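Below you'll find the structure, written out as structure tokens, and then a few comments.
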Amino acid sequence: MNQIAQNSRQYNRFLSRFVWSWILSFPLKRLAFGLPFLVTLGFFAVVFARGDGEIRRQQFLQGQLRNALAKDDLESARLILFRRLQANPTNIDSRYQMGQVLDELGRRDEAMRWMRPLAFPEAAVSAVAADDADTDPETKESDSPETTTAAPSVDQLASIRRRFRTADARAARWMVVKHYLPQLPDGLSDRDNADYTDLLDWLYLTAPRDTELAKLYAEQLLRVRRFADALPILVQLMPESPGIGLKAAVISRGLGYETRAVGYARQSLDEFTRLREKEPSRADLAVALAECHLFLNQYSEAASVLRHALELNQDEKQSEQLRNLLAHSFVIWANSFARKPQKTVTDRLQSLKLLQNALTVAPNHPLVLQMVADQVLEVIDETDSEIVALRQSLVLGTSPGVSHFIQGTAAVLKGDIQAAEMHLEIASKTLPLSDVILNNLACVIYQKEGGDLERALALSETAIKRNPNPAPHYLETRGQILRKLGRWIDAIPDLEVALTVPSLAAEAHRGLAECFEKLGDKELSEQHRQAAERIARAPKSS
């Protein structure tokens with residue numbers, strides 16, 4: 001044992017001497033030259049060690065996030081996403097998920113503030129959640145960053161691509177579905193309308209074959225009156241729905257492409273014909289087919305389709321729709337004769353007969369009643385026995401209120417103010433919601449010697465207030481009443497609107513001449529007086 005211990009001590013002495021001799025052999029004077037390498041090596045060792053730890057942390061948080069979402073634990077998911085964004089505030093996936101989670105939690109406004117910078121990246125702050133990193137989520141009122149939105153870019157493809165070059169399509173679609181579509185029924189603000197259009201411009205560029213997106217895009221282009229841009233998209237969608245072909249036809253006609261319009265309408269007509277052959281009892285297919293015929297000026301065919309549909313239909317609500325469209329078809333057909341520049345007795349008879357058919361189908365349809373009144377008044381001086389008989393038949397075929405309206409307006413044209421007032425008074429009581437009756441009654445009252453001008457003004461203003469875009473005839477009536485009341489300044493705007501209608505221009509000029517004269521502007525008064533005289537001297541068109 002003593003021998004073993006002695007050998008062990010000798011071995012240790014030898015090893016220690018060796019180690020000390022090895023250390024003393026280091027070139028210590030040249031160690032300074034190796035220090036940069038040693039420092040760099042140590043730095044990278046620390047960096048890689050921390051990076052590996054951060055990767056493991058993010059992987060752990062990702063797993064926790066999956067579990068929270070799988071359990072619908074949205075509050076935990078929000079906190080996990082908050083921690084992820086503390087480490088990497090510009091991570092697009094985390095920002096998008098945060099917006100989704102906030103939306104699911106019912107915090108739509110906060111979700112919007114996360115999604116909007118992703119959809120409109122030019123509005124994003126460079127560090128979208130930097131402020132959140134210094135604040136604990138439990139004590140913070142809102143997790144979402146404050147952003148500002150730049151003004152909408154010009155509506156050109158190059159500008160759209162530049163504006164959305166770093167946009168996130170998922171966030172853009174979220175904005176469309178969650179923010180813009182719910183507001184459409186009430187109308188978008190000017191800024192939202194422009195942004196929504198730009199967003200759809202870009203989304204359609206990225207996914208032109210997405211049918212649902214294309215439908216939204218086409219509807220928005222029509223809404224903002226970009227008809228030329230909407231047309232090719234409508235044509236693209238025609239195989240999806242034959243009704244879109246008719247819409248494309250209407251747009252094409254409005255743009256002056258008549259040949260294309262006819263082609264699209266015929267294509268829709270053929271498709272609806274095939275569909276109706278399979279399901280002849282469907283009222284909606286009959287309506288669509290009739291509308292195609294009407295667009296192509298095939299009035300007889302439209303009426304035939306609707307009559308057949310009425311025979312097959314058992315639903316009262318659908319039957320009412322079919323009757324109204326049939327009456328509308330007769331009115332359009334009658335109007336095709338009424339629009340002729342040189343109408344013959346045969347044309348007038350045909351028009352009146354068609355209106356008689358319309359009255360039989362829908363005696364209370366407002367368009368039918370207005371057309372009947374217009375046509376009866378137009379032939380009021382006709383002496384042809386057949387026309388006179390049809391005219392009387394039409395008057396008798398209307399409701400009592402419409403009959404009195406026609407007779408009262410006819411009396412106005414003949415200058416019989418007393419009879420006109422009587423009939424229009426009765427009509428206004430029978431049909432109190434008819435603005436045209438109120439306007440004509442107001443007109444008769446102010447023209448009557450000693451008429452009640454305040455009552456006439458009240459009737460006129462009622463007719464105007466009930467119309468979002470009142471006709472110049474209504475404004476001219478009010479302007480003339482205000483002139484008679486001596487309210488010169490109030491009368492001028494209404495009378496100036498009436499100058500745009502040739503049949504009203506002469507009387508409007510005379511009224512304006514009086515107003516400006518009373519206000520002391522002799523020069524303007526004289527200009528309007530001369531204009532009225534020029535119109536009076538001008539030859540009347542046949």
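Just remember, in the structure tokens the first chain shown is A, the second B, etc., residues are 1-based per chain, and ligands are 1-based in the order shown.
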Segment 470-484 of chain A surroundings by only C-alpha atoms, 10 Å radius, close-in-sequence under 3 positions cut, as a VMD selection string: chain A and resid 435 to 436 438 to 440 442 to 447 453 to 454 456 to 461 463 to 467 487 to 501 503 to 505 507 to 508 510 to 512 514 to 515
Here is a test: counting only C-alpha atoms, which residue of A:Gln321, A:Thr360, A:Ser252, A:Gln220 is nearest to Ala286 of chain A? A:Gln321
When you count only C-alpha atoms, which of these residues is closest to Leu85 of chain A: A:Tyr264, A:Phe516, A:Leu524, A:Met98? A:Met98
Mind giving me the straight-line distance from atom CA of Pro89 of chain A to atom CA of Leu205 of chain A in Å, one decimal?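 Separating atom CA of Pro89 of chain A from atom CA of Leu205 of chain A is a distance of 29.1 Å.
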Leaving out Arg282 of chain A and any residue of its chain fewer than 2 positions from it, which residues lie within 12 Å of it when counting only C-alpha atoms, given as a CSV table (one decimal) with C-alpha atoms, in the first residue's frame?
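What ended up in out12.csv:
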chain,number,residue,atom,x,y,z
A,272,PHE,CA,-83.5,32.3,-69.7
A,273,THR,CA,-85.6,30.7,-72.4
A,275,LEU,CA,-84.2,27.7,-68.0
A,276,ARG,CA,-87.9,28.5,-68.3
A,277,GLU,CA,-88.5,25.5,-70.6
A,278,LYS,CA,-87.3,23.4,-67.7
A,279,GLU,CA,-89.3,25.2,-65.0
A,280,PRO,CA,-92.2,27.0,-66.7
A,284,ASP,CA,-88.8,35.0,-61.5
A,285,LEU,CA,-87.6,33.3,-64.7
A,286,ALA,CA,-90.7,34.8,-66.5
A,287,VAL,CA,-89.9,38.2,-65.2
A,288,ALA,CA,-86.2,38.0,-66.3
A,289,LEU,CA,-87.2,36.7,-69.7
A,305,VAL,CA,-94.5,35.6,-71.5
A,306,LEU,CA,-96.0,37.5,-68.6
A,308,HIS,CA,-98.6,32.8,-69.6
A,309,ALA,CA,-96.8,33.1,-66.3
A,310,LEU,CA,-99.9,34.7,-64.7
A,311,GLU,CA,-102.0,31.7,-65.9
A,312,LEU,CA,-99.6,29.3,-64.2
A,313,ASN,CA,-98.9,31.2,-61.0
A,314,GLN,CA,-100.8,30.5,-57.8
A,315,ASP,CA,-98.9,32.8,-55.4
A,318,GLN,CA,-95.8,36.9,-57.3
A,319,SER,CA,-99.0,37.4,-59.4
A,322,LEU,CA,-96.3,39.8,-62.8
